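The structure appears right after this line, and notes come after that.
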Amino acid sequence: MVKRLHILKPGIRVLGIAESFTPGKDRYSTVAGVVMRKDRLIIDGVGFVRTRVGGDDATEKLVKLYHSLKREDINALMLSGAVISHYNIIDIDALAKRTDRPVICLTYRESSGIEDSIRIHFGDDAENKVEAYRKLGKRVGLDLSTGKRVFVRCAQIETQDASRLVESFLIQGRYPEPVRVASLLAASAKRL
């Protein structure tokens, strides 16, 4: 089911999610979530979880992150990537269903896909990850008012509404503030 959000509502809140880990060094990735209001980009909530690098726990951990915040006023989730923690693939449809919130997943570069890379890294155990990756579907390119381009995958929200929501949290560049701040927090928390 696709939800209609009141995108123009000033108090709309998004949970921005991003991660940080060092490939080849860390066994776990630090994932930060930032609740941000659209009006004046006010931060009014922060949470953290850890996901296993190369694992299959990303969806479950993001559901846990959302519920740990105990915030019924979050209107949507905005993720920086659907494939995190070295091929720990988020099921964005399941995440949307289990949080009862629309999910917008952003990526920032052109790509022909990662199936071959998954097979190289996981060998005989790759097929479940390849199937999870295929389930994500195609990305849609969005040209932003800043002159930059991002790519989105959406669950329970139309691409047009997702685009408007991304733009409403954008100050500069291609990173909407909730995921930009979440990325900064994840990187800082990882160093603790």
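Simple scheme: letters A, B, ... for chains in structure tokens order, numbers from 1 for residues in each chain, numbers from 1 for ligands in the order shown.
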
Let's see if you can do this: from backbone DSSP, list all alpha helix (DSSP H) residues in segment 89-135 of chain A, as a ChimeraX atom specification.
/A:92-99,115-122,127-135

Could you take the residues named above and write them with N, CA and C atoms, as an mmCIF file, in the first residue's frame?
data_model
loop_
_atom_site.group_PDB
_atom_site.id
_atom_site.type_symbol
_atom_site.label_atom_id
_atom_site.label_comp_id
_atom_site.auth_asym_id
_atom_site.auth_seq_id
_atom_site.Cartn_x
_atom_site.Cartn_y
_atom_site.Cartn_z
ATOM 1 N N ILE A 92 13.694 -3.325 1.877
ATOM 2 C CA ILE A 92 12.977 -2.068 2.141
ATOM 3 C C ILE A 92 11.465 -2.275 2.210
ATOM 4 N N ASP A 93 10.934 -3.267 1.506
ATOM 5 C CA ASP A 93 9.497 -3.553 1.606
ATOM 6 C C ASP A 93 9.155 -4.075 3.000
ATOM 7 N N ALA A 94 9.956 -4.982 3.519
ATOM 8 C CA ALA A 94 9.729 -5.507 4.869
ATOM 9 C C ALA A 94 9.912 -4.411 5.910
ATOM 10 N N LEU A 95 10.908 -3.555 5.718
ATOM 11 C CA LEU A 95 11.146 -2.451 6.651
ATOM 12 C C LEU A 95 9.939 -1.519 6.682
ATOM 13 N N ALA A 96 9.406 -1.180 5.509
ATOM 14 C CA ALA A 96 8.225 -0.316 5.451
ATOM 15 C C ALA A 96 7.026 -0.979 6.123
ATOM 16 N N LYS A 97 6.850 -2.248 5.886
ATOM 17 C CA LYS A 97 5.717 -2.969 6.468
ATOM 18 C C LYS A 97 5.838 -3.063 7.988
ATOM 19 N N ARG A 98 7.032 -3.388 8.477
ATOM 20 C CA ARG A 98 7.201 -3.607 9.914
ATOM 21 C C ARG A 98 7.258 -2.313 10.724
ATOM 22 N N THR A 99 7.536 -1.201 10.067
ATOM 23 C CA THR A 99 7.506 0.099 10.758
ATOM 24 C C THR A 99 6.221 0.856 10.453
ATOM 25 N N GLU A 115 25.666 -7.615 -8.611
ATOM 26 C CA GLU A 115 25.529 -9.070 -8.551
ATOM 27 C C GLU A 115 26.874 -9.776 -8.710
ATOM 28 N N ASP A 116 27.673 -9.363 -9.667
ATOM 29 C CA ASP A 116 28.976 -10.004 -9.876
ATOM 30 C C ASP A 116 29.871 -9.834 -8.655
ATOM 31 N N SER A 117 29.846 -8.665 -8.067
ATOM 32 C CA SER A 117 30.658 -8.400 -6.884
ATOM 33 C C SER A 117 30.208 -9.269 -5.703
ATOM 34 N N ILE A 118 28.902 -9.433 -5.537
ATOM 35 C CA ILE A 118 28.392 -10.306 -4.470
ATOM 36 C C ILE A 118 28.906 -11.726 -4.683
ATOM 37 N N ARG A 119 28.836 -12.209 -5.910
ATOM 38 C CA ARG A 119 29.292 -13.582 -6.203
ATOM 39 C C ARG A 119 30.793 -13.745 -5.926
ATOM 40 N N ILE A 120 31.573 -12.737 -6.232
ATOM 41 C CA ILE A 120 33.013 -12.807 -5.977
ATOM 42 C C ILE A 120 33.289 -12.893 -4.477
ATOM 43 N N HIS A 121 32.592 -12.069 -3.691
ATOM 44 C CA HIS A 121 32.839 -12.017 -2.248
ATOM 45 C C HIS A 121 32.265 -13.200 -1.480
ATOM 46 N N PHE A 122 31.165 -13.780 -1.968
ATOM 47 C CA PHE A 122 30.477 -14.803 -1.179
ATOM 48 C C PHE A 122 30.464 -16.189 -1.822
ATOM 49 N N GLU A 127 23.958 -16.800 -3.513
ATOM 50 C CA GLU A 127 22.648 -16.741 -4.169
ATOM 51 C C GLU A 127 21.558 -16.077 -3.331
ATOM 52 N N ASN A 128 21.540 -16.289 -2.024
ATOM 53 C CA ASN A 128 20.534 -15.616 -1.187
ATOM 54 C C ASN A 128 20.717 -14.103 -1.216
ATOM 55 N N LYS A 129 21.974 -13.659 -1.202
ATOM 56 C CA LYS A 129 22.232 -12.217 -1.256
ATOM 57 C C LYS A 129 21.890 -11.650 -2.633
ATOM 58 N N VAL A 130 22.192 -12.394 -3.679
ATOM 59 C CA VAL A 130 21.839 -11.939 -5.034
ATOM 60 C C VAL A 130 20.320 -11.814 -5.153
ATOM 61 N N GLU A 131 19.607 -12.777 -4.624
ATOM 62 C CA GLU A 131 18.135 -12.729 -4.678
ATOM 63 C C GLU A 131 17.604 -11.531 -3.879
ATOM 64 N N ALA A 132 18.171 -11.283 -2.705
ATOM 65 C CA ALA A 132 17.760 -10.126 -1.895
ATOM 66 C C ALA A 132 18.051 -8.827 -2.640
ATOM 67 N N TYR A 133 19.181 -8.776 -3.334
ATOM 68 C CA TYR A 133 19.531 -7.588 -4.103
ATOM 69 C C TYR A 133 18.547 -7.394 -5.265
ATOM 70 N N ARG A 134 18.236 -8.461 -5.977
ATOM 71 C CA ARG A 134 17.283 -8.360 -7.091
ATOM 72 C C ARG A 134 15.909 -7.894 -6.620
ATOM 73 N N LYS A 135 15.528 -8.335 -5.428
ATOM 74 C CA LYS A 135 14.221 -7.958 -4.874
ATOM 75 C C LYS A 135 14.103 -6.438 -4.671
#

What lies within 6 Å of segment 76-90 of chain A using only C-alpha atoms, ignoring chain neighbours under 2 positions off, as a list in words?
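Once the nearby chain positions are removed, what remains is Val14, Leu15, Gly16, Ile17, Ala18, Ser29, Val53, Gly54, Gly55, Asp56, Ala58, Thr59, Ile74, Ile92, Arg101, Pro102, Val103, Ile104, Cys105, Leu106 and Thr107 of chain A.
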
Could the residues in this selection be written to a file with N, CA and C atoms, as a compact mmCIF listing (two decimals), in the first residue's frame?
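Dumped to result_5.txt:
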# COMPACT_ATOMS: atom_id res chain seq x y z
N VAL A 14 11.32 12.92 9.54
CA VAL A 14 11.96 11.82 8.83
C VAL A 14 13.00 11.20 9.75
N LEU A 15 13.09 9.87 9.72
CA LEU A 15 14.19 9.19 10.38
C LEU A 15 15.25 8.92 9.31
N GLY A 16 16.35 9.68 9.36
CA GLY A 16 17.46 9.49 8.44
C GLY A 16 18.41 8.45 9.00
N ILE A 17 18.85 7.51 8.16
CA ILE A 17 19.69 6.41 8.61
C ILE A 17 20.92 6.29 7.73
N ALA A 18 22.10 6.19 8.37
CA ALA A 18 23.36 6.01 7.65
C ALA A 18 24.30 5.19 8.54
N SER A 29 29.25 -2.74 11.74
CA SER A 29 29.08 -1.36 11.27
C SER A 29 28.22 -0.62 12.28
N VAL A 53 29.03 -6.84 9.52
CA VAL A 53 29.64 -6.64 8.20
C VAL A 53 29.58 -7.97 7.44
N GLY A 54 28.98 -7.95 6.25
CA GLY A 54 28.80 -9.15 5.45
C GLY A 54 27.65 -10.02 5.89
N GLY A 55 26.90 -9.56 6.89
CA GLY A 55 25.81 -10.36 7.45
C GLY A 55 24.49 -10.19 6.74
N ASP A 56 23.43 -10.62 7.43
CA ASP A 56 22.07 -10.55 6.90
C ASP A 56 21.10 -9.96 7.92
N ALA A 58 20.61 -6.55 8.62
CA ALA A 58 20.35 -5.11 8.47
C ALA A 58 18.87 -4.76 8.63
N THR A 59 17.99 -5.49 7.99
CA THR A 59 16.56 -5.18 8.08
C THR A 59 16.09 -5.26 9.52
N ILE A 74 7.16 9.95 13.53
CA ILE A 74 8.03 9.81 12.36
C ILE A 74 7.14 9.49 11.16
N ILE A 92 13.69 -3.32 1.88
CA ILE A 92 12.98 -2.07 2.14
C ILE A 92 11.47 -2.27 2.21
N ARG A 101 5.78 2.66 7.93
CA ARG A 101 6.24 3.96 7.44
C ARG A 101 6.82 3.79 6.05
N PRO A 102 6.62 4.78 5.17
CA PRO A 102 7.26 4.74 3.86
C PRO A 102 8.78 4.77 4.00
N VAL A 103 9.46 4.14 3.05
CA VAL A 103 10.92 4.09 3.05
C VAL A 103 11.42 4.65 1.73
N ILE A 104 12.36 5.57 1.84
CA ILE A 104 13.06 6.13 0.68
C ILE A 104 14.52 5.76 0.84
N CYS A 105 15.05 5.02 -0.12
CA CYS A 105 16.43 4.58 -0.06
C CYS A 105 17.21 5.33 -1.13
N LEU A 106 18.23 6.05 -0.71
CA LEU A 106 19.04 6.87 -1.62
C LEU A 106 20.38 6.23 -1.92
N THR A 107 20.81 6.35 -3.17
CA THR A 107 22.19 6.06 -3.54
C THR A 107 22.66 7.22 -4.40

As an NGL selection string, please: the residues near Thr159 of chain A (cut-off 8 Å, only C-alpha atoms, same-chain neighbours under 5 positions excluded).
:A and (140 or 152 or 154)

Output C-alpha atoms of each residue in that selection to a file, as a PDB file, in the first residue's frame.
ATOM      1  CA  VAL A 140      15.015   5.790 -10.310  1.00  0.00           C
ATOM      2  CA  VAL A 152      16.003   6.176  -5.196  1.00  0.00           C
ATOM      3  CA  CYS A 154      10.891   3.444  -2.589  1.00  0.00           C
TER       4      CYS A 154
END

Excluding Glu177 of chain A and its own-chain neighbours fewer than 5 positions away, which residues fall within 12 Å of it when counting only C-alpha atoms? Please give them as a VMD selection string.
chain A and resid 13 to 18 33 to 43 78 to 80 165 to 172 182 to 184

Suppose you want the space between atom CA of Thr146 of chain A and atom CA of Arg180 of chain A; what is it in Å?
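Straight-line distance from atom CA of Thr146 of chain A to atom CA of Arg180 of chain A works out to 15.2 Å.
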
How far is it from atom CA of Ala189 of chain A to atom CA of Gly47 of chain A, in Å with one decimal?
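That distance, rounded to one decimal, is 10.8 Å.
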
According to DSSP computed on the backbone, where in segment 40-181 of chain A is there strand (DSSP E or B)? Give the residues as an MDAnalysis selection string.
chainID A and resid 42:52 76:80 83:84 88:89 103:107 140:143 149:155

Ranking A:Ser188, A:Thr51, A:Ser163, A:Ser20 by minimum distance to Val150 of chain A and counting only C-alpha atoms, which one comes first?
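Going through A:Ser188, A:Thr51, A:Ser163, A:Ser20 one by one, the smallest distance to Val150 of chain A is for A:Ser163.
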
Please report the interatomic distance between atom CA of Glu158 of chain A and atom CA of Leu136 of chain A in Å with one decimal.
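Between atom CA of Glu158 of chain A and atom CA of Leu136 of chain A the gap works out to 15.2 Å.
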
Which neighbours of Ala187 of chain A fall inside 9 Å, counting only C-alpha atoms, when residues of the same chain fewer than 6 positions from it are skipped, and could you give them as a list of chain:residue names?
A:Glu19, A:Ser20, A:Phe21, A:Thr30, A:Val31, A:Ala32

Give me a file of those residues, with C-alpha atoms, as a PDB file, in the first residue's frame.
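Contents of part_32.pdb, freshly written:
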ATOM      1  CA  GLU A  19      26.278   3.794   8.660  1.00  0.00           C
ATOM      2  CA  SER A  20      30.022   3.775   9.144  1.00  0.00           C
ATOM      3  CA  PHE A  21      32.568   0.937   9.120  1.00  0.00           C
ATOM      4  CA  THR A  30      27.739   1.488  13.392  1.00  0.00           C
ATOM      5  CA  VAL A  31      24.347   2.639  12.142  1.00  0.00           C
ATOM      6  CA  ALA A  32      22.920   5.969  13.286  1.00  0.00           C
TER       7      ALA A  32
END
